[in-house]
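Student: Let me give you the structure first, and then I'll get to my questions.
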Amino acid sequence: MLGNILITGGSSGLGLATAEAVAKAGGRPLVVDVRPSHSFDEVIADLAEREQAEQAVRELAERAGGLDGVVTAAGIDACGRLSEVPADDWERVIRVNLMGTASVVRAALPYLTESRGRVVTCASTLGLRAVSDATAYCAAKFGVVGFTRALAAELAGQVCVTMLVPGGMSTHFFDDRPEQYKPGPDAKLNRPEDVAQTIVFALSQPPGCEVRELVVCPSTETSWP
């Protein structure tokens, strides 16, 4: 049994697919998002605000009677050249994707330590390779890579830590981008439902067995330049 799994960004995209996969596998999804899911136990919170993120984790954990896992699937982007992206938009990407990840994990640690639970962070192939016009997203996701690897060393033997490195997925993540930053009509993208199954796989490992890193890409994408 997966138990109580807190999922950020659980009202859409990979987060929603993960919540559904967790429920199908017999777990209890607990969702944190800025938008309601209308499907699972949830708290509405802006992960860019540390106090909101921490309170959401505590509220869901107390409501459920503890946590067995956390999946940090929430993420945003602000495409464009550094000189053209408004500073507030650029910094919000860092606050949500990196600082929000750290805030949620920090708040969840007392519960995860007690249950000897699991953390799955969501980095990106753009946390391993860099592209133009994505300085905010790359900075945040490179940060998630470093954060997760250090966290795994810090919590070894106490809390299981997995880093998911997903490639492009067919979600609404790209909807609000300018056309030049949207995948083309022939782009090969993974279904979030398929990527979610890899998260459930990591969460389902027996005690003492940990999947440290998972790179899950469309067949035409790599995680290196």
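By order in the structure tokens, chains are A, B, ...; within a chain, residues start at 1; ligands start at 1, following the order shown.
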When DSSP is applied to the backbone of this structure, which of stretch 24-205 of chain A are assigned helix (DSSP H, G or I)? Write them out as an mmCIF file with N, CA, C and O atoms, in the first residue's frame.
Tutor:
data_model
loop_
_atom_site.group_PDB
_atom_site.id
_atom_site.type_symbol
_atom_site.label_atom_id
_atom_site.label_comp_id
_atom_site.auth_asym_id
_atom_site.auth_seq_id
_atom_site.Cartn_x
_atom_site.Cartn_y
_atom_site.Cartn_z
ATOM 1 N N LYS A 24 -5.322 4.776 -7.961
ATOM 2 C CA LYS A 24 -5.530 3.476 -8.606
ATOM 3 C C LYS A 24 -4.688 2.395 -7.949
ATOM 4 O O LYS A 24 -5.091 1.218 -7.887
ATOM 5 N N ARG A 50 6.146 30.742 1.065
ATOM 6 C CA ARG A 50 6.604 29.667 1.943
ATOM 7 C C ARG A 50 5.604 29.326 3.028
ATOM 8 O O ARG A 50 5.351 28.146 3.312
ATOM 9 N N GLU A 51 5.023 30.325 3.662
ATOM 10 C CA GLU A 51 4.085 30.043 4.750
ATOM 11 C C GLU A 51 2.864 29.291 4.245
ATOM 12 O O GLU A 51 2.351 28.392 4.926
ATOM 13 N N GLN A 52 2.379 29.641 3.058
ATOM 14 C CA GLN A 52 1.245 28.906 2.490
ATOM 15 C C GLN A 52 1.618 27.455 2.204
ATOM 16 O O GLN A 52 0.840 26.531 2.469
ATOM 17 N N ALA A 53 2.808 27.252 1.644
ATOM 18 C CA ALA A 53 3.250 25.892 1.325
ATOM 19 C C ALA A 53 3.365 25.051 2.593
ATOM 20 O O ALA A 53 2.892 23.904 2.648
ATOM 21 N N GLU A 54 3.994 25.608 3.613
ATOM 22 C CA GLU A 54 4.179 24.861 4.856
ATOM 23 C C GLU A 54 2.848 24.556 5.523
ATOM 24 O O GLU A 54 2.633 23.433 6.019
ATOM 25 N N GLN A 55 1.944 25.527 5.565
ATOM 26 C CA GLN A 55 0.646 25.312 6.190
ATOM 27 C C GLN A 55 -0.156 24.257 5.443
ATOM 28 O O GLN A 55 -0.837 23.428 6.058
ATOM 29 N N ALA A 56 -0.079 24.251 4.113
ATOM 30 C CA ALA A 56 -0.805 23.253 3.323
ATOM 31 C C ALA A 56 -0.324 21.849 3.646
ATOM 32 O O ALA A 56 -1.124 20.906 3.790
ATOM 33 N N VAL A 57 0.987 21.676 3.766
ATOM 34 C CA VAL A 57 1.542 20.358 4.098
ATOM 35 C C VAL A 57 1.063 19.917 5.476
ATOM 36 O O VAL A 57 0.592 18.782 5.660
ATOM 37 N N ARG A 58 1.172 20.804 6.443
ATOM 38 C CA ARG A 58 0.757 20.438 7.803
ATOM 39 C C ARG A 58 -0.726 20.113 7.869
ATOM 40 O O ARG A 58 -1.132 19.134 8.515
ATOM 41 N N GLU A 59 -1.544 20.911 7.188
ATOM 42 C CA GLU A 59 -2.982 20.680 7.229
ATOM 43 C C GLU A 59 -3.360 19.337 6.626
ATOM 44 O O GLU A 59 -4.144 18.569 7.200
ATOM 45 N N LEU A 60 -2.787 19.005 5.480
ATOM 46 C CA LEU A 60 -3.111 17.730 4.842
ATOM 47 C C LEU A 60 -2.559 16.557 5.641
ATOM 48 O O LEU A 60 -3.217 15.512 5.769
ATOM 49 N N ALA A 61 -1.359 16.708 6.180
ATOM 50 C CA ALA A 61 -0.769 15.621 6.962
ATOM 51 C C ALA A 61 -1.593 15.339 8.214
ATOM 52 O O ALA A 61 -1.852 14.171 8.553
ATOM 53 N N GLU A 62 -2.020 16.380 8.895
ATOM 54 C CA GLU A 62 -2.821 16.181 10.101
ATOM 55 C C GLU A 62 -4.193 15.616 9.759
ATOM 56 O O GLU A 62 -4.730 14.763 10.477
ATOM 57 N N ARG A 63 -4.749 16.072 8.657
ATOM 58 C CA ARG A 63 -6.054 15.572 8.230
ATOM 59 C C ARG A 63 -5.999 14.084 7.908
ATOM 60 O O ARG A 63 -6.930 13.335 8.212
ATOM 61 N N ALA A 64 -4.892 13.654 7.295
ATOM 62 C CA ALA A 64 -4.766 12.262 6.855
ATOM 63 C C ALA A 64 -4.163 11.353 7.916
ATOM 64 O O ALA A 64 -4.176 10.129 7.764
ATOM 65 N N ALA A 87 11.260 40.828 -14.295
ATOM 66 C CA ALA A 87 11.972 40.271 -13.145
ATOM 67 C C ALA A 87 11.040 39.513 -12.209
ATOM 68 O O ALA A 87 11.391 38.453 -11.684
ATOM 69 N N ASP A 88 9.828 40.036 -11.995
ATOM 70 C CA ASP A 88 8.893 39.360 -11.101
ATOM 71 C C ASP A 88 8.511 37.985 -11.640
ATOM 72 O O ASP A 88 8.399 37.022 -10.870
ATOM 73 N N ASP A 89 8.307 37.888 -12.956
ATOM 74 C CA ASP A 89 7.960 36.605 -13.560
ATOM 75 C C ASP A 89 9.133 35.629 -13.459
ATOM 76 O O ASP A 89 8.941 34.439 -13.172
ATOM 77 N N TRP A 90 10.337 36.130 -13.721
ATOM 78 C CA TRP A 90 11.534 35.292 -13.653
ATOM 79 C C TRP A 90 11.713 34.735 -12.248
ATOM 80 O O TRP A 90 11.921 33.532 -12.049
ATOM 81 N N GLU A 91 11.590 35.608 -11.267
ATOM 82 C CA GLU A 91 11.823 35.182 -9.885
ATOM 83 C C GLU A 91 10.710 34.276 -9.373
ATOM 84 O O GLU A 91 10.971 33.403 -8.527
ATOM 85 N N ARG A 92 9.513 34.422 -9.886
ATOM 86 C CA ARG A 92 8.423 33.536 -9.460
ATOM 87 C C ARG A 92 8.694 32.090 -9.888
ATOM 88 O O ARG A 92 8.346 31.148 -9.170
ATOM 89 N N VAL A 93 9.297 31.903 -11.055
ATOM 90 C CA VAL A 93 9.666 30.551 -11.486
ATOM 91 C C VAL A 93 10.598 29.911 -10.466
ATOM 92 O O VAL A 93 10.440 28.736 -10.104
ATOM 93 N N ILE A 94 11.569 30.669 -9.973
ATOM 94 C CA ILE A 94 12.494 30.149 -8.971
ATOM 95 C C ILE A 94 11.752 29.843 -7.672
ATOM 96 O O ILE A 94 11.976 28.802 -7.039
ATOM 97 N N ARG A 95 10.854 30.740 -7.266
ATOM 98 C CA ARG A 95 10.147 30.546 -5.998
ATOM 99 C C ARG A 95 9.235 29.325 -6.039
ATOM 100 O O ARG A 95 9.168 28.572 -5.068
ATOM 101 N N VAL A 96 8.531 29.130 -7.144
ATOM 102 C CA VAL A 96 7.625 27.982 -7.229
ATOM 103 C C VAL A 96 8.396 26.683 -7.427
ATOM 104 O O VAL A 96 8.239 25.708 -6.680
ATOM 105 N N ASN A 97 9.261 26.648 -8.439
ATOM 106 C CA ASN A 97 9.888 25.389 -8.842
ATOM 107 C C ASN A 97 10.968 24.910 -7.881
ATOM 108 O O ASN A 97 11.084 23.701 -7.637
ATOM 109 N N LEU A 98 11.758 25.828 -7.352
ATOM 110 C CA LEU A 98 12.857 25.442 -6.470
ATOM 111 C C LEU A 98 12.524 25.690 -4.999
ATOM 112 O O LEU A 98 12.534 24.753 -4.190
ATOM 113 N N MET A 99 12.215 26.922 -4.657
ATOM 114 C CA MET A 99 11.939 27.227 -3.266
ATOM 115 C C MET A 99 10.673 26.524 -2.778
ATOM 116 O O MET A 99 10.610 26.065 -1.634
ATOM 117 N N GLY A 100 9.667 26.419 -3.656
ATOM 118 C CA GLY A 100 8.449 25.706 -3.276
ATOM 119 C C GLY A 100 8.713 24.236 -3.005
ATOM 120 O O GLY A 100 8.168 23.644 -2.076
ATOM 121 N N THR A 101 9.585 23.642 -3.834
ATOM 122 C CA THR A 101 9.970 22.246 -3.609
ATOM 123 C C THR A 101 10.617 22.088 -2.244
ATOM 124 O O THR A 101 10.265 21.195 -1.462
ATOM 125 N N ALA A 102 11.565 22.956 -1.924
ATOM 126 C CA ALA A 102 12.260 22.874 -0.642
ATOM 127 C C ALA A 102 11.310 23.117 0.527
ATOM 128 O O ALA A 102 11.383 22.426 1.556
ATOM 129 N N SER A 103 10.406 24.075 0.385
ATOM 130 C CA SER A 103 9.467 24.386 1.470
ATOM 131 C C SER A 103 8.557 23.210 1.774
ATOM 132 O O SER A 103 8.307 22.872 2.939
ATOM 133 N N VAL A 104 8.053 22.569 0.726
ATOM 134 C CA VAL A 104 7.156 21.436 0.918
ATOM 135 C C VAL A 104 7.896 20.265 1.564
ATOM 136 O O VAL A 104 7.410 19.641 2.515
ATOM 137 N N VAL A 105 9.074 19.962 1.068
ATOM 138 C CA VAL A 105 9.836 18.840 1.633
ATOM 139 C C VAL A 105 10.205 19.129 3.076
ATOM 140 O O VAL A 105 10.085 18.261 3.955
ATOM 141 N N ARG A 106 10.645 20.347 3.366
ATOM 142 C CA ARG A 106 11.015 20.700 4.738
ATOM 143 C C ARG A 106 9.838 20.510 5.686
ATOM 144 O O ARG A 106 9.990 19.925 6.771
ATOM 145 N N ALA A 107 8.677 20.985 5.286
ATOM 146 C CA ALA A 107 7.502 20.865 6.147
ATOM 147 C C ALA A 107 7.063 19.419 6.315
ATOM 148 O O ALA A 107 6.493 19.045 7.350
ATOM 149 N N ALA A 108 7.323 18.592 5.308
ATOM 150 C CA ALA A 108 6.888 17.194 5.354
ATOM 151 C C ALA A 108 7.847 16.289 6.115
ATOM 152 O O ALA A 108 7.479 15.175 6.500
ATOM 153 N N LEU A 109 9.078 16.736 6.352
ATOM 154 C CA LEU A 109 10.104 15.860 6.920
ATOM 155 C C LEU A 109 9.728 15.232 8.263
ATOM 156 O O LEU A 109 10.006 14.045 8.481
ATOM 157 N N PRO A 110 9.110 15.958 9.204
ATOM 158 C CA PRO A 110 8.747 15.287 10.459
ATOM 159 C C PRO A 110 7.826 14.085 10.247
ATOM 160 O O PRO A 110 7.984 13.047 10.913
ATOM 161 N N TYR A 111 6.903 14.206 9.320
ATOM 162 C CA TYR A 111 5.972 13.108 9.045
ATOM 163 C C TYR A 111 6.668 11.978 8.297
ATOM 164 O O TYR A 111 6.438 10.790 8.572
ATOM 165 N N LEU A 112 7.518 12.338 7.329
ATOM 166 C CA LEU A 112 8.213 11.317 6.534
ATOM 167 C C LEU A 112 9.254 10.580 7.359
ATOM 168 O O LEU A 112 9.480 9.381 7.157
ATOM 169 N N THR A 113 9.898 11.276 8.276
ATOM 170 C CA THR A 113 10.869 10.614 9.147
ATOM 171 C C THR A 113 10.173 9.585 10.027
ATOM 172 O O THR A 113 10.675 8.468 10.228
ATOM 173 N N GLU A 114 8.997 9.949 10.508
ATOM 174 C CA GLU A 114 8.243 9.021 11.358
ATOM 175 C C GLU A 114 7.802 7.786 10.591
ATOM 176 O O GLU A 114 7.844 6.665 11.113
ATOM 177 N N SER A 115 7.374 7.971 9.335
ATOM 178 C CA SER A 115 6.879 6.840 8.541
ATOM 179 C C SER A 115 7.975 6.152 7.735
ATOM 180 O O SER A 115 7.706 5.143 7.079
ATOM 181 N N THR A 125 14.712 17.448 -17.875
ATOM 182 C CA THR A 125 15.904 17.326 -18.716
ATOM 183 C C THR A 125 16.605 18.677 -18.836
ATOM 184 O O THR A 125 17.821 18.725 -19.069
ATOM 185 N N LEU A 126 15.858 19.769 -18.630
ATOM 186 C CA LEU A 126 16.484 21.093 -18.635
ATOM 187 C C LEU A 126 17.110 21.428 -17.287
ATOM 188 O O LEU A 126 17.556 22.558 -17.074
ATOM 189 N N GLY A 127 17.154 20.462 -16.397
ATOM 190 C CA GLY A 127 17.980 20.569 -15.205
ATOM 191 C C GLY A 127 19.314 19.877 -15.392
ATOM 192 O O GLY A 127 20.170 19.917 -14.511
ATOM 193 N N THR A 135 16.327 30.726 -19.008
ATOM 194 C CA THR A 135 17.236 30.894 -17.873
ATOM 195 C C THR A 135 16.538 30.646 -16.544
ATOM 196 O O THR A 135 17.126 30.039 -15.635
ATOM 197 N N ALA A 136 15.294 31.088 -16.403
ATOM 198 C CA ALA A 136 14.589 30.892 -15.136
ATOM 199 C C ALA A 136 14.315 29.413 -14.898
ATOM 200 O O ALA A 136 14.591 28.875 -13.817
ATOM 201 N N TYR A 137 13.788 28.744 -15.912
ATOM 202 C CA TYR A 137 13.429 27.329 -15.763
ATOM 203 C C TYR A 137 14.671 26.478 -15.548
ATOM 204 O O TYR A 137 14.702 25.615 -14.666
ATOM 205 N N CYS A 138 15.717 26.723 -16.325
ATOM 206 C CA CYS A 138 16.951 25.957 -16.157
ATOM 207 C C CYS A 138 17.563 26.213 -14.787
ATOM 208 O O CYS A 138 18.020 25.271 -14.118
ATOM 209 N N ALA A 139 17.590 27.458 -14.351
ATOM 210 C CA ALA A 139 18.156 27.761 -13.033
ATOM 211 C C ALA A 139 17.394 27.019 -11.948
ATOM 212 O O ALA A 139 17.999 26.448 -11.025
ATOM 213 N N ALA A 140 16.062 27.031 -12.037
ATOM 214 C CA ALA A 140 15.248 26.359 -11.021
ATOM 215 C C ALA A 140 15.463 24.859 -11.050
ATOM 216 O O ALA A 140 15.636 24.215 -10.008
ATOM 217 N N LYS A 141 15.449 24.271 -12.240
ATOM 218 C CA LYS A 141 15.541 22.814 -12.335
ATOM 219 C C LYS A 141 16.955 22.313 -12.075
ATOM 220 O O LYS A 141 17.139 21.225 -11.507
ATOM 221 N N PHE A 142 17.989 23.062 -12.486
ATOM 222 C CA PHE A 142 19.345 22.710 -12.063
ATOM 223 C C PHE A 142 19.415 22.745 -10.538
ATOM 224 O O PHE A 142 20.091 21.914 -9.915
ATOM 225 N N GLY A 143 18.727 23.704 -9.935
ATOM 226 C CA GLY A 143 18.681 23.777 -8.481
ATOM 227 C C GLY A 143 17.998 22.578 -7.868
ATOM 228 O O GLY A 143 18.445 22.059 -6.835
ATOM 229 N N VAL A 144 16.916 22.117 -8.472
ATOM 230 C CA VAL A 144 16.220 20.931 -7.967
ATOM 231 C C VAL A 144 17.133 19.710 -8.034
ATOM 232 O O VAL A 144 17.130 18.863 -7.130
ATOM 233 N N VAL A 145 17.925 19.614 -9.096
ATOM 234 C CA VAL A 145 18.877 18.494 -9.207
ATOM 235 C C VAL A 145 19.856 18.519 -8.038
ATOM 236 O O VAL A 145 20.062 17.512 -7.347
ATOM 237 N N GLY A 146 20.471 19.660 -7.794
ATOM 238 C CA GLY A 146 21.430 19.764 -6.694
ATOM 239 C C GLY A 146 20.773 19.549 -5.346
ATOM 240 O O GLY A 146 21.320 18.857 -4.471
ATOM 241 N N PHE A 147 19.606 20.142 -5.164
ATOM 242 C CA PHE A 147 18.866 19.982 -3.908
ATOM 243 C C PHE A 147 18.562 18.514 -3.639
ATOM 244 O O PHE A 147 18.775 18.008 -2.531
ATOM 245 N N THR A 148 18.077 17.811 -4.657
ATOM 246 C CA THR A 148 17.665 16.428 -4.460
ATOM 247 C C THR A 148 18.846 15.519 -4.182
ATOM 248 O O THR A 148 18.781 14.632 -3.318
ATOM 249 N N ARG A 149 19.927 15.704 -4.905
ATOM 250 C CA ARG A 149 21.106 14.858 -4.674
ATOM 251 C C ARG A 149 21.679 15.095 -3.278
ATOM 252 O O ARG A 149 22.086 14.139 -2.601
ATOM 253 N N ALA A 150 21.700 16.337 -2.844
ATOM 254 C CA ALA A 150 22.178 16.627 -1.494
ATOM 255 C C ALA A 150 21.211 16.076 -0.446
ATOM 256 O O ALA A 150 21.630 15.554 0.595
ATOM 257 N N LEU A 151 19.911 16.180 -0.719
ATOM 258 C CA LEU A 151 18.904 15.669 0.211
ATOM 259 C C LEU A 151 19.031 14.154 0.364
ATOM 260 O O LEU A 151 18.911 13.620 1.473
ATOM 261 N N ALA A 152 19.275 13.454 -0.741
ATOM 262 C CA ALA A 152 19.431 12.005 -0.680
ATOM 263 C C ALA A 152 20.615 11.620 0.194
ATOM 264 O O ALA A 152 20.557 10.648 0.963
ATOM 265 N N ALA A 153 21.705 12.386 0.107
ATOM 266 C CA ALA A 153 22.864 12.119 0.962
ATOM 267 C C ALA A 153 22.547 12.416 2.420
ATOM 268 O O ALA A 153 22.936 11.670 3.325
ATOM 269 N N GLU A 154 21.809 13.495 2.642
ATOM 270 C CA GLU A 154 21.485 13.926 4.001
ATOM 271 C C GLU A 154 20.536 12.962 4.708
ATOM 272 O O GLU A 154 20.664 12.718 5.920
ATOM 273 N N HIS A 172 -1.042 20.842 -20.445
ATOM 274 C CA HIS A 172 -1.386 22.249 -20.670
ATOM 275 C C HIS A 172 -0.249 23.189 -20.269
ATOM 276 O O HIS A 172 -0.417 24.416 -20.306
ATOM 277 N N PHE A 173 0.900 22.639 -19.899
ATOM 278 C CA PHE A 173 2.045 23.446 -19.466
ATOM 279 C C PHE A 173 2.448 24.463 -20.524
ATOM 280 O O PHE A 173 2.927 25.553 -20.205
ATOM 281 N N PHE A 174 2.254 24.095 -21.788
ATOM 282 C CA PHE A 174 2.714 24.952 -22.881
ATOM 283 C C PHE A 174 1.651 25.945 -23.365
ATOM 284 O O PHE A 174 1.936 26.783 -24.219
ATOM 285 N N GLU A 179 3.922 31.500 -29.294
ATOM 286 C CA GLU A 179 3.952 30.393 -30.254
ATOM 287 C C GLU A 179 5.350 29.828 -30.473
ATOM 288 O O GLU A 179 5.513 28.620 -30.648
ATOM 289 N N GLN A 180 6.371 30.684 -30.454
ATOM 290 C CA GLN A 180 7.721 30.184 -30.752
ATOM 291 C C GLN A 180 8.254 29.264 -29.651
ATOM 292 O O GLN A 180 9.238 28.554 -29.857
ATOM 293 N N TYR A 181 7.589 29.258 -28.506
ATOM 294 C CA TYR A 181 8.043 28.396 -27.408
ATOM 295 C C TYR A 181 7.121 27.200 -27.175
ATOM 296 O O TYR A 181 7.275 26.485 -26.193
ATOM 297 N N PRO A 192 1.463 12.223 -19.716
ATOM 298 C CA PRO A 192 1.740 12.329 -18.278
ATOM 299 C C PRO A 192 1.327 11.073 -17.522
ATOM 300 O O PRO A 192 1.939 10.731 -16.506
ATOM 301 N N GLU A 193 0.313 10.361 -18.006
ATOM 302 C CA GLU A 193 -0.109 9.125 -17.346
ATOM 303 C C GLU A 193 1.004 8.085 -17.335
ATOM 304 O O GLU A 193 1.154 7.330 -16.359
ATOM 305 N N ASP A 194 1.796 8.045 -18.400
ATOM 306 C CA ASP A 194 2.889 7.080 -18.466
ATOM 307 C C ASP A 194 4.025 7.477 -17.523
ATOM 308 O O ASP A 194 4.633 6.620 -16.862
ATOM 309 N N VAL A 195 4.311 8.767 -17.460
ATOM 310 C CA VAL A 195 5.353 9.239 -16.547
ATOM 311 C C VAL A 195 4.919 9.026 -15.097
ATOM 312 O O VAL A 195 5.732 8.657 -14.232
ATOM 313 N N ALA A 196 3.639 9.219 -14.829
ATOM 314 C CA ALA A 196 3.123 9.015 -13.466
ATOM 315 C C ALA A 196 3.344 7.586 -12.993
ATOM 316 O O ALA A 196 3.572 7.347 -11.800
ATOM 317 N N GLN A 197 3.294 6.640 -13.909
ATOM 318 C CA GLN A 197 3.516 5.245 -13.521
ATOM 319 C C GLN A 197 4.938 5.036 -12.997
ATOM 320 O O GLN A 197 5.170 4.183 -12.137
ATOM 321 N N THR A 198 5.889 5.803 -13.514
ATOM 322 C CA THR A 198 7.257 5.671 -13.010
ATOM 323 C C THR A 198 7.369 6.225 -11.593
ATOM 324 O O THR A 198 8.173 5.734 -10.794
ATOM 325 N N ILE A 199 6.568 7.243 -11.285
ATOM 326 C CA ILE A 199 6.546 7.776 -9.921
ATOM 327 C C ILE A 199 5.976 6.734 -8.971
ATOM 328 O O ILE A 199 6.525 6.493 -7.881
ATOM 329 N N VAL A 200 4.883 6.094 -9.364
ATOM 330 C CA VAL A 200 4.300 5.039 -8.533
ATOM 331 C C VAL A 200 5.300 3.901 -8.334
ATOM 332 O O VAL A 200 5.399 3.324 -7.247
ATOM 333 N N PHE A 201 6.055 3.587 -9.375
ATOM 334 C CA PHE A 201 7.095 2.564 -9.260
ATOM 335 C C PHE A 201 8.098 2.932 -8.170
ATOM 336 O O PHE A 201 8.453 2.098 -7.316
ATOM 337 N N ALA A 202 8.560 4.192 -8.185
ATOM 338 C CA ALA A 202 9.525 4.622 -7.168
ATOM 339 C C ALA A 202 8.915 4.583 -5.776
ATOM 340 O O ALA A 202 9.573 4.178 -4.805
ATOM 341 N N LEU A 203 7.656 4.985 -5.661
ATOM 342 C CA LEU A 203 6.986 4.994 -4.362
ATOM 343 C C LEU A 203 6.707 3.588 -3.843
ATOM 344 O O LEU A 203 6.492 3.410 -2.638
#
Student: Where does DSSP see strand (DSSP E or B) in chain A, if you list the residues as a PyMOL selection string?
Tutor: chain A and resi 4-8+28-33+41-44+69-72+118-122+160-166+169+190+213-216
Student: Take the residues just selected and output them with C-alpha atoms as a JSON list (two decimals), in the first residue's frame.
Tutor:
[["chain", "number", "residue", "atom", "x", "y", "z"],
["A", 4, "ASN", "CA", -0.85, 8.96, 2.14],
["A", 5, "ILE", "CA", 0.94, 10.68, -0.74],
["A", 6, "LEU", "CA", 1.05, 14.48, -0.89],
["A", 7, "ILE", "CA", 1.30, 15.78, -4.47],
["A", 8, "THR", "CA", 1.98, 19.38, -5.41],
["A", 28, "ARG", "CA", -4.56, 8.29, -0.80],
["A", 29, "PRO", "CA", -3.64, 11.37, -2.86],
["A", 30, "LEU", "CA", -3.40, 14.66, -0.96],
["A", 31, "VAL", "CA", -3.22, 17.59, -3.35],
["A", 32, "VAL", "CA", -1.68, 21.05, -3.02],
["A", 33, "ASP", "CA", -2.27, 23.46, -5.90],
["A", 41, "ASP", "CA", -8.38, 15.84, -0.55],
["A", 42, "GLU", "CA", -6.74, 19.16, -1.18],
["A", 43, "VAL", "CA", -5.56, 22.50, 0.11],
["A", 44, "ILE", "CA", -5.31, 25.54, -2.14],
["A", 69, "GLY", "CA", 5.29, 10.13, 0.52],
["A", 70, "VAL", "CA", 5.63, 13.52, -1.17],
["A", 71, "VAL", "CA", 5.75, 14.21, -4.91],
["A", 72, "THR", "CA", 6.72, 17.75, -5.92],
["A", 118, "ARG", "CA", 9.59, 8.69, 0.36],
["A", 119, "VAL", "CA", 10.18, 11.93, -1.54],
["A", 120, "VAL", "CA", 9.99, 12.17, -5.32],
["A", 121, "THR", "CA", 11.12, 15.53, -6.70],
["A", 122, "CYS", "CA", 10.47, 16.55, -10.29],
["A", 160, "CYS", "CA", 13.91, 7.57, 0.61],
["A", 161, "VAL", "CA", 14.68, 10.22, -2.01],
["A", 162, "THR", "CA", 14.11, 9.88, -5.76],
["A", 163, "MET", "CA", 14.68, 12.48, -8.46],
["A", 164, "LEU", "CA", 12.44, 12.23, -11.51],
["A", 165, "VAL", "CA", 13.87, 13.83, -14.66],
["A", 166, "PRO", "CA", 10.99, 14.05, -17.14],
["A", 169, "MET", "CA", 5.00, 15.86, -21.87],
["A", 190, "ASN", "CA", 5.15, 11.61, -23.44],
["A", 213, "GLU", "CA", 17.11, 8.93, -10.25],
["A", 214, "LEU", "CA", 14.69, 8.29, -13.11],
["A", 215, "VAL", "CA", 15.07, 9.91, -16.54],
["A", 216, "VAL", "CA", 11.83, 9.47, -18.51]]
Student: Quick one: distance from atom CA of A:Asp176 to atom CA of A:Ala23 in Å, one decimal?
Tutor: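 That distance, rounded to one decimal, is 29.3 Å.
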Student: Which residue is closest to A:Gly168? Choose from A:Ser83, A:Ser11, A:Ser39, A:Ser124 and count only C-alpha atoms.
Tutor: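 Among A:Ser83, A:Ser11, A:Ser39, A:Ser124, it is A:Ser124 that comes nearest to A:Gly168.
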Student: Tell me which of A:Ala130, A:Arg35, A:Gly13, A:Met1 sits closest to A:Pro225, counting only C-alpha atoms.
Tutor: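 So, comparing all the options, the nearest one is A:Ala130.
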Student: Which of these residues is nearest to A:Gly15, using only C-alpha atoms: A:Glu49, A:Pro86, A:Ala134, A:Thr171?
Tutor: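 For A:Gly15, the nearest of the given residues is A:Thr171.
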Student: Calculated over only C-alpha atoms, which of the candidates A:Val131, A:Ala21, A:Ala123, A:Leu16 has the smallest distance to A:Arg81?
Tutor: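 The answer is A:Val131, which sits nearest to A:Arg81.
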Student: Figure out the distance between atom CA of A:Val211 and atom CA of A:Arg191, please, to one decimal in Å.
Tutor: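 It comes out at 21.3 Å.
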